[in-house]
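Chemist: This is the structure I want to talk about, given as structure tokens.
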Amino acid sequence: MKVAVIGLGYVGLTISVFASNYFQVVGFDNNQKIVNQLNLGRSHIEGVESSLLLKLIKTGSYRATTSGADISDADIVVIAVPTPLTVDRKPDLSYLDAACKTVGANLERPALVINESTSFPGTLRNFIKPHIEKYSSRAVSHLYAISPERVDPGRSDFNQKNTPRLYAGLTEEASAKTKEFYSKFCESLVEVSSPEVAEAAKLFENTFRQVNIALVNEFAQIAHSLGISVYETLDAANTKPYGFMKFTPSAGVGGHCIPVDPTYLASAAEEHGVPATFIRRANEVNLEMSKYIVRRVVEDNGGNLQGKSVLVVGVAYKPNVADVRETAAEPVIEHLRSNGAVVSWHDDVVGNWKGESSAPLQGADIVVVVTKHDGLDEKKILSSAPYVFDTTGKVKGATGL
Ligand SMILES: NC(=O)c1ccc[n+]([C@@H]2O[C@H](COP(=O)([O-])OP(=O)(O)OC[C@H]3O[C@@H](n4cnc5c(N)ncnc54)[C@H](O)[C@@H]3O)[C@@H](O)[C@H]2O)c1
């Protein structure tokens, strides 16, 4: 059995190495640099060890390519390309369209096509299938299924093996073959009645996080105004053994999923005439956190940041990863700069970002911690500036939310 994976990022490369233990896998990506590095056994994704990749390449069970022709004889195709937002924050299916073109134009025989990219309900049925058919000049008909990805980059306790996986095919045969594929390397498979349910479940999981993070971010502001600790209050509420789940405040949400997926759900809702006001407002509350944080820093520093040096610690969107997509550090830095501060940032996991490099953790008037990687000593952060504002709750003794 030959498996082709389209898109070799966080999702695609992760699934590739798990599948390579059981199938011959060819990974297709349109980024030549990524493909070259992968074929040298160099992984660019946290959680995918280069040594493992090299081993799989040497045994012949994995290789990467930029040539569509290399997927022509695949039995199974897994699509894992980005599904971001357009500049006006609407679902952007252009990468999915390009992936459909690669699949449609190259697949020479009937295959099972599984989508792992996150999108709104109806994408598999009304977009992927007709687009692949449109781009195919051959009279082959494929099976189609969805299995939304739940990978949490940087996390070691849950992975492809022990995270339950939802799936549904457009036909019973597609469902059965999808189950057969994933059951090789996934312990728990959950079939749902339609692809639309699986697509909606994925969006709702991340909307649940977005909404609860917004709630706790709003509560952090309320707690501060009441003169009580948000962290102590959350710990107190968390002693209730049922009906409560603890979320912690932050500078906002980042990454490719939580700031993006709820907008896919809201767009689908609005297209069906349902106003998704709650989801939209949660997004706004999280986006507004950066302004609130900078306002607090300004108030604590004499009402003015003009000419002050500010070091933002942690620009990755979450600890222990180098991913800066939709990071809350970006609006925090923007607001600090618009208040006259001279801003640099420290993040040795990210290293380089937007043409700037990680600055040393010293010498600033003010430090604002947005993300704290595990390898960074909290005492070192605390002693790095006369004023430290911590948005993570991990730097004891600092001013915080
Ligand atoms: N990152 C996560 O934690 C996560 C978790 C669950 C689901 N998802 C979803 O999975 C999908 C992929 O996300 P990701 O984080 O892996 O993205 P990514 O940016 O890490 O990787 C995507 C890869 O696809 C490649 N690519 C883009 N267009 C292509 C095309 N037309 N043909 C072939 N390759 C192409 C890019 O070069 C890149 O290497 C998205 O829909 C995302 O929402 C991501």
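Starting from 1 in every chain, residues are counted up; chains themselves are A, B, ... following the order of the structure tokens, and ligands are numbered from 1 as listed.
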From a DSSP pass on the backbone, collect the residues of stretch 105-200 of chain A flagged as alpha helix (DSSP H) and hand them back as a list in words.

Modeler: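 Here are the alpha helix (DSSP H) residues of stretch 105-200 of chain A: Ala105, Asn106, Thr123, Lys129, Pro130, His131, Ile132, Glu133, Lys134, Tyr135, Glu172, Glu173, Ala174, Ser175, Ala176, Lys177, Thr178, Lys179, Glu180, Phe181, Tyr182, Pro195, Glu196, Val197, Ala198, Glu199 and Ala200 of chain A.
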
Chemist: Fewer than 4 positions away in the same chain doesn't count, so skip those; otherwise give me all residues within 12 Å of A:Gln37, counting only C-alpha atoms, as a PyMOL selection string.

Modeler: chain A and resi 8+29+31-33+41-45+50+53-54+57+63-65

Chemist: Can I get the selection written as a short mmCIF file (atom, residue, chain, number, x, y, z; two decimals), in the first residue's frame, with N, CA and C atoms?

Modeler:
```cif
data_model
loop_
_atom_site.label_atom_id
_atom_site.label_comp_id
_atom_site.auth_asym_id
_atom_site.auth_seq_id
_atom_site.Cartn_x
_atom_site.Cartn_y
_atom_site.Cartn_z
N LEU A 8 3.50 18.98 4.08
CA LEU A 8 4.38 18.33 5.06
C LEU A 8 4.73 19.26 6.21
N ASP A 29 5.09 18.19 -1.07
CA ASP A 29 4.96 19.58 -0.60
C ASP A 29 5.45 20.47 -1.74
N ASN A 31 6.93 23.26 -1.33
CA ASN A 31 8.08 24.04 -0.87
C ASN A 31 9.35 23.19 -1.03
N GLN A 32 10.15 23.56 -2.06
CA GLN A 32 11.34 22.76 -2.40
C GLN A 32 12.33 22.69 -1.24
N LYS A 33 12.45 23.80 -0.50
CA LYS A 33 13.41 23.84 0.61
C LYS A 33 13.04 22.80 1.68
N GLY A 41 16.83 14.02 5.92
CA GLY A 41 16.51 13.51 7.26
C GLY A 41 16.45 14.61 8.30
N ARG A 42 16.19 15.85 7.87
CA ARG A 42 16.12 16.96 8.83
C ARG A 42 14.67 17.40 9.02
N SER A 43 14.17 17.16 10.22
CA SER A 43 12.78 17.52 10.51
C SER A 43 12.68 18.98 10.93
N HIS A 44 11.63 19.68 10.48
CA HIS A 44 11.41 21.07 10.89
C HIS A 44 10.23 21.16 11.84
N ILE A 45 9.76 20.03 12.33
CA ILE A 45 8.55 19.99 13.16
C ILE A 45 8.86 19.41 14.54
N SER A 50 14.48 14.02 13.93
CA SER A 50 15.24 13.87 12.68
C SER A 50 15.82 12.46 12.57
N LEU A 53 13.22 10.18 11.21
CA LEU A 53 12.99 10.49 9.79
C LEU A 53 14.09 9.86 8.92
N LEU A 54 15.33 10.03 9.39
CA LEU A 54 16.48 9.50 8.65
C LEU A 54 16.38 7.98 8.53
N ILE A 57 13.82 7.08 5.96
CA ILE A 57 14.32 7.34 4.60
C ILE A 57 15.28 6.21 4.18
N ARG A 63 9.81 9.13 1.69
CA ARG A 63 10.57 10.12 0.92
C ARG A 63 9.66 11.30 0.62
N ALA A 64 10.29 12.47 0.43
CA ALA A 64 9.51 13.68 0.14
C ALA A 64 9.73 14.08 -1.31
N THR A 65 8.75 14.79 -1.88
CA THR A 65 8.85 15.17 -3.29
C THR A 65 8.09 16.46 -3.58
#
```

Chemist: List every residue of stretch 277-366 of chain A that has an atom at most 12 Å from any atom of stretch 198-213 of chain A, giving for each one its closest atom pair and the distance in Å to one decimal, counting only C-alpha atoms, sorted by chain and then by ascending residue number, as a Markdown table.

Modeler:
```
| residue | atom | partner | partner_atom | distance |
| --- | --- | --- | --- | --- |
| A:Thr277 | CA | A:Val211 | CA | 11.3 |
| A:Phe278 | CA | A:Val211 | CA | 7.9 |
| A:Ile279 | CA | A:Val211 | CA | 6.6 |
| A:Arg280 | CA | A:Val211 | CA | 9.2 |
| A:Arg281 | CA | A:Val211 | CA | 8.6 |
| A:Ala282 | CA | A:Val211 | CA | 5.2 |
| A:Asn283 | CA | A:Gln210 | CA | 6.9 |
| A:Glu284 | CA | A:Val211 | CA | 10.2 |
| A:Val285 | CA | A:Ile213 | CA | 9.1 |
| A:Asn286 | CA | A:Ile213 | CA | 7.4 |
| A:Leu287 | CA | A:Gln210 | CA | 10.9 |
| A:Met289 | CA | A:Ile213 | CA | 10.8 |
```

Chemist: Next, the residues of the selection above should be written as a PDB file, in the first residue's frame with N, CA and C atoms.

Modeler:
```
ATOM      1  N   THR A 277     -22.860  35.437  17.264  1.00  0.00           N
ATOM      2  CA  THR A 277     -22.376  36.590  18.042  1.00  0.00           C
ATOM      3  C   THR A 277     -21.427  36.186  19.165  1.00  0.00           C
ATOM      4  N   PHE A 278     -21.714  35.100  19.838  1.00  0.00           N
ATOM      5  CA  PHE A 278     -20.904  34.643  20.964  1.00  0.00           C
ATOM      6  C   PHE A 278     -19.488  34.289  20.496  1.00  0.00           C
ATOM      7  N   ILE A 279     -19.422  33.550  19.383  1.00  0.00           N
ATOM      8  CA  ILE A 279     -18.120  33.126  18.836  1.00  0.00           C
ATOM      9  C   ILE A 279     -17.332  34.357  18.372  1.00  0.00           C
ATOM     10  N   ARG A 280     -18.015  35.254  17.671  1.00  0.00           N
ATOM     11  CA  ARG A 280     -17.349  36.466  17.177  1.00  0.00           C
ATOM     12  C   ARG A 280     -16.817  37.306  18.345  1.00  0.00           C
ATOM     13  N   ARG A 281     -17.625  37.445  19.413  1.00  0.00           N
ATOM     14  CA  ARG A 281     -17.224  38.281  20.548  1.00  0.00           C
ATOM     15  C   ARG A 281     -16.025  37.662  21.280  1.00  0.00           C
ATOM     16  N   ALA A 282     -16.012  36.319  21.392  1.00  0.00           N
ATOM     17  CA  ALA A 282     -14.890  35.642  22.054  1.00  0.00           C
ATOM     18  C   ALA A 282     -13.587  35.961  21.327  1.00  0.00           C
ATOM     19  N   ASN A 283     -13.647  35.936  20.017  1.00  0.00           N
ATOM     20  CA  ASN A 283     -12.472  36.262  19.219  1.00  0.00           C
ATOM     21  C   ASN A 283     -11.998  37.682  19.516  1.00  0.00           C
ATOM     22  N   GLU A 284     -12.965  38.613  19.595  1.00  0.00           N
ATOM     23  CA  GLU A 284     -12.609  40.017  19.861  1.00  0.00           C
ATOM     24  C   GLU A 284     -11.989  40.181  21.247  1.00  0.00           C
ATOM     25  N   VAL A 285     -12.570  39.511  22.254  1.00  0.00           N
ATOM     26  CA  VAL A 285     -12.038  39.635  23.627  1.00  0.00           C
ATOM     27  C   VAL A 285     -10.573  39.190  23.645  1.00  0.00           C
ATOM     28  N   ASN A 286     -10.286  38.074  22.985  1.00  0.00           N
ATOM     29  CA  ASN A 286      -8.901  37.586  22.972  1.00  0.00           C
ATOM     30  C   ASN A 286      -7.977  38.534  22.218  1.00  0.00           C
ATOM     31  N   LEU A 287      -8.479  39.099  21.107  1.00  0.00           N
ATOM     32  CA  LEU A 287      -7.650  40.048  20.350  1.00  0.00           C
ATOM     33  C   LEU A 287      -7.393  41.325  21.175  1.00  0.00           C
ATOM     34  N   MET A 289      -6.953  41.554  24.343  1.00  0.00           N
ATOM     35  CA  MET A 289      -6.082  41.350  25.514  1.00  0.00           C
ATOM     36  C   MET A 289      -4.751  42.084  25.378  1.00  0.00           C
TER      37      MET A 289
END
```

Chemist: Which one is closest to ligand 1: A:Glu326, A:Asp73, A:Glu218, A:Asp347? Count only C-alpha atoms and all ligand atoms.

Modeler: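 Closest to ligand 1 of all the choices is A:Glu326.
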
Chemist: DSSP on the backbone: which residues in stretch 222-362 of chain A end up as strand (DSSP E or B)? Give the answer as a list in words.

Modeler: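 Strand (DSSP E or B) members of stretch 222-362 of chain A, listed: Ser309, Val310, Leu311, Val312, Val313, Val342, Val343, Ser344, Trp345, His346, Asn352, Trp353, Glu356 and Ser357 of chain A.
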
Chemist: Mind dumping the selected residues with all heavy atoms as a tab-separated table (two decimals), in the first residue's frame?

Modeler:
```tsv
chain	number	residue	atom	x	y	z
A	309	SER	N	12.95	51.27	27.05
A	309	SER	CA	13.25	50.02	26.34
A	309	SER	C	12.41	48.89	26.95
A	309	SER	O	12.39	48.70	28.17
A	309	SER	CB	14.74	49.70	26.43
A	309	SER	OG	15.12	49.56	27.77
A	310	VAL	N	11.69	48.18	26.07
A	310	VAL	CA	10.84	47.08	26.52
A	310	VAL	C	11.28	45.80	25.81
A	310	VAL	O	11.44	45.78	24.58
A	310	VAL	CB	9.35	47.36	26.20
A	310	VAL	CG1	8.48	46.20	26.68
A	310	VAL	CG2	8.88	48.66	26.84
A	311	LEU	N	11.48	44.76	26.60
A	311	LEU	CA	11.84	43.45	26.03
A	311	LEU	C	10.64	42.52	26.19
A	311	LEU	O	10.18	42.29	27.31
A	311	LEU	CB	13.05	42.88	26.78
A	311	LEU	CG	13.62	41.56	26.26
A	311	LEU	CD1	14.32	41.76	24.92
A	311	LEU	CD2	14.59	40.95	27.25
A	312	VAL	N	10.14	42.01	25.07
A	312	VAL	CA	9.03	41.05	25.13
A	312	VAL	C	9.65	39.65	25.18
A	312	VAL	O	10.44	39.28	24.30
A	312	VAL	CB	8.10	41.21	23.90
A	312	VAL	CG1	7.11	40.05	23.82
A	312	VAL	CG2	7.36	42.53	23.99
A	313	VAL	N	9.32	38.90	26.21
A	313	VAL	CA	9.89	37.56	26.36
A	313	VAL	C	8.90	36.52	25.83
A	313	VAL	O	7.76	36.44	26.29
A	313	VAL	CB	10.24	37.29	27.85
A	313	VAL	CG1	10.62	35.82	28.06
A	313	VAL	CG2	11.38	38.19	28.29
A	342	VAL	N	10.68	51.47	22.87
A	342	VAL	CA	11.67	50.88	21.95
A	342	VAL	C	11.68	49.39	22.27
A	342	VAL	O	12.15	48.96	23.33
A	342	VAL	CB	13.07	51.51	22.20
A	342	VAL	CG1	14.09	50.90	21.24
A	342	VAL	CG2	13.01	53.02	22.06
A	343	VAL	N	11.12	48.59	21.34
A	343	VAL	CA	10.84	47.18	21.68
A	343	VAL	C	11.81	46.22	20.99
A	343	VAL	O	12.07	46.33	19.79
A	343	VAL	CB	9.39	46.81	21.27
A	343	VAL	CG1	9.05	45.40	21.74
A	343	VAL	CG2	8.39	47.81	21.85
A	344	SER	N	12.33	45.28	21.77
A	344	SER	CA	13.03	44.13	21.21
A	344	SER	C	12.39	42.89	21.85
A	344	SER	O	11.51	43.02	22.69
A	344	SER	CB	14.53	44.19	21.50
A	344	SER	OG	14.74	44.40	22.88
A	345	TRP	N	12.83	41.71	21.43
A	345	TRP	CA	12.22	40.50	22.00
A	345	TRP	C	13.27	39.43	22.23
A	345	TRP	O	14.33	39.41	21.60
A	345	TRP	CB	11.08	39.97	21.11
A	345	TRP	CG	11.44	39.75	19.67
A	345	TRP	CD1	11.30	40.63	18.65
A	345	TRP	CD2	12.04	38.56	19.09
A	345	TRP	NE1	11.75	40.09	17.48
A	345	TRP	CE2	12.20	38.82	17.72
A	345	TRP	CE3	12.43	37.33	19.61
A	345	TRP	CZ2	12.76	37.87	16.85
A	345	TRP	CZ3	12.98	36.39	18.74
A	345	TRP	CH2	13.14	36.67	17.38
A	346	HIS	N	12.94	38.56	23.18
A	346	HIS	CA	13.85	37.45	23.51
A	346	HIS	C	13.09	36.14	23.34
A	346	HIS	O	12.05	35.94	23.98
A	346	HIS	CB	14.35	37.58	24.95
A	346	HIS	CG	15.12	36.38	25.41
A	346	HIS	ND1	16.46	36.19	25.12
A	346	HIS	CD2	14.72	35.26	26.07
A	346	HIS	CE1	16.86	35.03	25.61
A	346	HIS	NE2	15.82	34.45	26.19
A	352	ASN	N	14.84	33.75	15.02
A	352	ASN	CA	14.66	34.87	14.09
A	352	ASN	C	13.20	34.99	13.70
A	352	ASN	O	12.53	33.98	13.46
A	352	ASN	CB	15.48	34.65	12.81
A	352	ASN	CG	16.95	34.70	13.11
A	352	ASN	OD1	17.50	35.72	13.49
A	352	ASN	ND2	17.59	33.55	12.96
A	353	TRP	N	12.74	36.25	13.62
A	353	TRP	CA	11.32	36.46	13.30
A	353	TRP	C	11.15	37.86	12.74
A	353	TRP	O	11.65	38.83	13.32
A	353	TRP	CB	10.49	36.28	14.59
A	353	TRP	CG	9.03	36.55	14.48
A	353	TRP	CD1	8.16	36.04	13.56
A	353	TRP	CD2	8.24	37.39	15.34
A	353	TRP	NE1	6.89	36.50	13.81
A	353	TRP	CE2	6.91	37.32	14.90
A	353	TRP	CE3	8.54	38.18	16.45
A	353	TRP	CZ2	5.88	38.04	15.51
A	353	TRP	CZ3	7.53	38.88	17.07
A	353	TRP	CH2	6.20	38.80	16.60
A	356	GLU	N	14.06	40.20	12.55
A	356	GLU	CA	14.76	40.54	13.81
A	356	GLU	C	15.22	39.26	14.48
A	356	GLU	O	14.64	38.20	14.28
A	356	GLU	CB	13.81	41.29	14.76
A	356	GLU	CG	13.36	42.64	14.23
A	356	GLU	CD	12.30	43.28	15.13
A	356	GLU	OE1	12.18	42.91	16.31
A	356	GLU	OE2	11.56	44.13	14.61
A	357	SER	N	16.28	39.41	15.34
A	357	SER	CA	16.78	38.24	16.06
A	357	SER	C	16.49	38.36	17.54
A	357	SER	O	16.29	39.46	18.05
A	357	SER	CB	18.30	38.13	15.89
A	357	SER	OG	18.60	38.02	14.53
```

Chemist: Calculated over only C-alpha atoms and all ligand atoms, which of the candidates A:Val192, A:Ala74, A:Val321, A:Ala176 has the smallest distance to ligand 1?

Modeler: A:Val321

Chemist: Tell me, as a ChimeraX atom specification, which residues lie within 8 Å of A:Ser72, counting only C-alpha atoms; anything in the same chain fewer than 4 positions away does not count.

Modeler: /A:68,106-109

Chemist: Using all heavy atoms, can you write the selected residues to a file as a CSV table (one decimal), in the first residue's frame?

Modeler:
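After the write, again.csv holds the following:
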```
chain,number,residue,atom,x,y,z
A,68,GLY,N,4.3,16.1,-8.6
A,68,GLY,CA,3.0,15.5,-8.5
A,68,GLY,C,2.9,14.1,-9.0
A,68,GLY,O,2.1,13.3,-8.6
A,106,ASN,N,-3.0,14.1,-10.9
A,106,ASN,CA,-2.0,13.1,-10.9
A,106,ASN,C,-2.4,11.7,-10.6
A,106,ASN,O,-1.8,10.7,-11.1
A,106,ASN,CB,-0.9,13.5,-10.0
A,106,ASN,CG,-0.1,14.7,-10.5
A,106,ASN,OD1,0.7,14.6,-11.4
A,106,ASN,ND2,-0.3,15.8,-9.9
A,107,LEU,N,-3.5,11.5,-9.8
A,107,LEU,CA,-3.9,10.2,-9.4
A,107,LEU,C,-4.4,9.4,-10.6
A,107,LEU,O,-5.3,9.8,-11.3
A,107,LEU,CB,-5.0,10.2,-8.4
A,107,LEU,CG,-4.7,10.2,-6.9
A,107,LEU,CD1,-5.9,10.0,-6.1
A,107,LEU,CD2,-3.7,9.0,-6.6
A,108,GLU,N,-3.7,8.3,-10.9
A,108,GLU,CA,-4.1,7.5,-12.1
A,108,GLU,C,-5.0,6.4,-11.9
A,108,GLU,O,-5.6,5.8,-12.8
A,108,GLU,CB,-2.8,7.0,-12.7
A,108,GLU,CG,-2.0,8.1,-13.4
A,108,GLU,CD,-0.7,7.6,-14.0
A,108,GLU,OE1,-0.4,6.4,-13.8
A,108,GLU,OE2,0.0,8.4,-14.6
A,109,ARG,N,-5.2,6.0,-10.6
A,109,ARG,CA,-6.1,4.9,-10.3
A,109,ARG,C,-6.9,5.2,-9.1
A,109,ARG,O,-6.6,6.1,-8.3
A,109,ARG,CB,-5.3,3.6,-10.1
A,109,ARG,CG,-4.3,3.7,-9.0
A,109,ARG,CD,-3.4,2.4,-9.0
A,109,ARG,NE,-2.8,2.3,-7.7
A,109,ARG,CZ,-1.7,1.5,-7.5
A,109,ARG,NH1,-1.1,0.9,-8.5
A,109,ARG,NH2,-1.2,1.4,-6.3
```

Chemist: May I have the residues within 9 Å of A:Val367 as a list in words, using only C-alpha atoms and disregarding those fewer than 2 positions away in the same chain?

Modeler: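 Contacts, with the query itself left out: Ser309, Val310, Leu311, Val312, Val313, Leu361, Ala364, Asp365, Val369, Ile381, Leu382, Ser384, Ala385, Pro386, Tyr387, Val388, Phe389 and Asp390 of chain A.
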
Chemist: Restricted to N, CA, C and O atoms, what would the selected residues look like written as a PDB file, in the first residue's frame?

Modeler:
```pdb
ATOM      1  N   SER A 309      12.945  51.275  27.046  1.00  0.00           N
ATOM      2  CA  SER A 309      13.247  50.019  26.344  1.00  0.00           C
ATOM      3  C   SER A 309      12.411  48.895  26.949  1.00  0.00           C
ATOM      4  O   SER A 309      12.393  48.702  28.169  1.00  0.00           O
ATOM      5  N   VAL A 310      11.695  48.184  26.069  1.00  0.00           N
ATOM      6  CA  VAL A 310      10.836  47.079  26.516  1.00  0.00           C
ATOM      7  C   VAL A 310      11.281  45.802  25.807  1.00  0.00           C
ATOM      8  O   VAL A 310      11.437  45.784  24.582  1.00  0.00           O
ATOM      9  N   LEU A 311      11.482  44.758  26.598  1.00  0.00           N
ATOM     10  CA  LEU A 311      11.843  43.454  26.034  1.00  0.00           C
ATOM     11  C   LEU A 311      10.640  42.525  26.192  1.00  0.00           C
ATOM     12  O   LEU A 311      10.175  42.288  27.312  1.00  0.00           O
ATOM     13  N   VAL A 312      10.139  42.014  25.071  1.00  0.00           N
ATOM     14  CA  VAL A 312       9.031  41.047  25.125  1.00  0.00           C
ATOM     15  C   VAL A 312       9.650  39.653  25.178  1.00  0.00           C
ATOM     16  O   VAL A 312      10.444  39.280  24.304  1.00  0.00           O
ATOM     17  N   VAL A 313       9.320  38.897  26.208  1.00  0.00           N
ATOM     18  CA  VAL A 313       9.893  37.557  26.364  1.00  0.00           C
ATOM     19  C   VAL A 313       8.902  36.521  25.830  1.00  0.00           C
ATOM     20  O   VAL A 313       7.761  36.441  26.295  1.00  0.00           O
ATOM     21  N   LEU A 361      18.502  38.509  27.278  1.00  0.00           N
ATOM     22  CA  LEU A 361      17.532  38.741  28.357  1.00  0.00           C
ATOM     23  C   LEU A 361      18.170  39.633  29.421  1.00  0.00           C
ATOM     24  O   LEU A 361      18.476  39.193  30.534  1.00  0.00           O
ATOM     25  N   ALA A 364      16.846  45.831  29.684  1.00  0.00           N
ATOM     26  CA  ALA A 364      15.648  46.613  29.337  1.00  0.00           C
ATOM     27  C   ALA A 364      15.093  47.313  30.582  1.00  0.00           C
ATOM     28  O   ALA A 364      15.337  46.901  31.711  1.00  0.00           O
ATOM     29  N   ASP A 365      14.326  48.393  30.346  1.00  0.00           N
ATOM     30  CA  ASP A 365      13.633  49.057  31.466  1.00  0.00           C
ATOM     31  C   ASP A 365      12.448  48.195  31.919  1.00  0.00           C
ATOM     32  O   ASP A 365      12.111  48.141  33.099  1.00  0.00           O
ATOM     33  N   VAL A 369       6.313  39.394  29.658  1.00  0.00           N
ATOM     34  CA  VAL A 369       6.395  37.974  29.303  1.00  0.00           C
ATOM     35  C   VAL A 369       5.090  37.557  28.617  1.00  0.00           C
ATOM     36  O   VAL A 369       4.015  37.626  29.207  1.00  0.00           O
ATOM     37  N   ILE A 381      14.276  35.643  34.465  1.00  0.00           N
ATOM     38  CA  ILE A 381      13.345  36.625  33.879  1.00  0.00           C
ATOM     39  C   ILE A 381      13.080  37.733  34.888  1.00  0.00           C
ATOM     40  O   ILE A 381      13.160  38.921  34.575  1.00  0.00           O
ATOM     41  N   LEU A 382      12.816  37.332  36.138  1.00  0.00           N
ATOM     42  CA  LEU A 382      12.450  38.294  37.174  1.00  0.00           C
ATOM     43  C   LEU A 382      13.574  39.299  37.439  1.00  0.00           C
ATOM     44  O   LEU A 382      13.320  40.481  37.696  1.00  0.00           O
ATOM     45  N   SER A 384      15.755  40.292  35.273  1.00  0.00           N
ATOM     46  CA  SER A 384      16.292  40.886  34.035  1.00  0.00           C
ATOM     47  C   SER A 384      15.899  42.351  33.839  1.00  0.00           C
ATOM     48  O   SER A 384      16.448  43.024  32.970  1.00  0.00           O
ATOM     49  N   ALA A 385      14.943  42.856  34.625  1.00  0.00           N
ATOM     50  CA  ALA A 385      14.532  44.267  34.482  1.00  0.00           C
ATOM     51  C   ALA A 385      13.903  44.740  35.792  1.00  0.00           C
ATOM     52  O   ALA A 385      13.390  43.923  36.571  1.00  0.00           O
ATOM     53  N   PRO A 386      13.911  46.062  36.039  1.00  0.00           N
ATOM     54  CA  PRO A 386      13.299  46.554  37.279  1.00  0.00           C
ATOM     55  C   PRO A 386      11.784  46.318  37.341  1.00  0.00           C
ATOM     56  O   PRO A 386      11.207  46.228  38.420  1.00  0.00           O
ATOM     57  N   TYR A 387      11.137  46.225  36.169  1.00  0.00           N
ATOM     58  CA  TYR A 387       9.680  45.976  36.135  1.00  0.00           C
ATOM     59  C   TYR A 387       9.412  44.825  35.165  1.00  0.00           C
ATOM     60  O   TYR A 387       9.809  44.889  33.994  1.00  0.00           O
ATOM     61  N   VAL A 388       8.758  43.771  35.672  1.00  0.00           N
ATOM     62  CA  VAL A 388       8.424  42.625  34.822  1.00  0.00           C
ATOM     63  C   VAL A 388       6.917  42.391  34.885  1.00  0.00           C
ATOM     64  O   VAL A 388       6.353  42.209  35.978  1.00  0.00           O
ATOM     65  N   PHE A 389       6.261  42.434  33.725  1.00  0.00           N
ATOM     66  CA  PHE A 389       4.828  42.127  33.658  1.00  0.00           C
ATOM     67  C   PHE A 389       4.677  40.757  33.023  1.00  0.00           C
ATOM     68  O   PHE A 389       5.086  40.535  31.883  1.00  0.00           O
ATOM     69  N   ASP A 390       4.080  39.831  33.768  1.00  0.00           N
ATOM     70  CA  ASP A 390       3.976  38.446  33.309  1.00  0.00           C
ATOM     71  C   ASP A 390       2.531  38.113  32.939  1.00  0.00           C
ATOM     72  O   ASP A 390       1.630  38.222  33.766  1.00  0.00           O
TER      73      ASP A 390
END
```

Chemist: Name all residues at most 10 Å from A:Ser193 (count only C-alpha atoms; drop same-chain ones fewer than 6 positions away) and give them as number ranges by chain.

Modeler: A: 167-170, 172, 175

Chemist: Write a file of the selected residues as an mmCIF file, in the first residue's frame, keeping C-alpha atoms.

Modeler:
```cif
data_model
loop_
_atom_site.group_PDB
_atom_site.id
_atom_site.type_symbol
_atom_site.label_atom_id
_atom_site.label_comp_id
_atom_site.auth_asym_id
_atom_site.auth_seq_id
_atom_site.Cartn_x
_atom_site.Cartn_y
_atom_site.Cartn_z
ATOM 1 C CA TYR A 167 -13.687 9.768 10.963
ATOM 2 C CA ALA A 168 -16.488 9.467 8.405
ATOM 3 C CA GLY A 169 -16.577 8.591 4.728
ATOM 4 C CA LEU A 170 -18.882 9.798 2.011
ATOM 5 C CA GLU A 172 -19.671 3.042 3.763
ATOM 6 C CA SER A 175 -15.507 4.725 6.078
#
```

Chemist: Between atom CA of A:Pro110 and atom CA of A:Asp70, what is the distance in Å, rounded to a tenth?

Modeler: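 Between these atoms lies a distance of 15.3 Å.
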
Chemist: Within 12 Å of A:Tyr231, counting only C-alpha atoms, which residues show up once you throw out same-chain ones fewer than 4 positions away? Write them as a ChimeraX atom specification, please.

Modeler: /A:216-217,219-221,223-224,235-238,246-250,391-394,396,400-401

Chemist: Give the answer as one residue: which of A:Ile293, A:Ile146, A:Ala359, A:Val3 has the shortest atom-to-atom distance to A:Val197, using only C-alpha atoms?

Modeler: A:Ile146

Chemist: To one decimal in Å, tell me the separation between atom CA of A:Arg337 and atom CA of A:Pro262.

Modeler: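 Between atom CA of A:Arg337 and atom CA of A:Pro262 the gap is 29.2 Å.
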
Chemist: In Å, how far is it from atom CA of A:Arg325 to atom CA of A:Val298?

Modeler: 26.4 Å
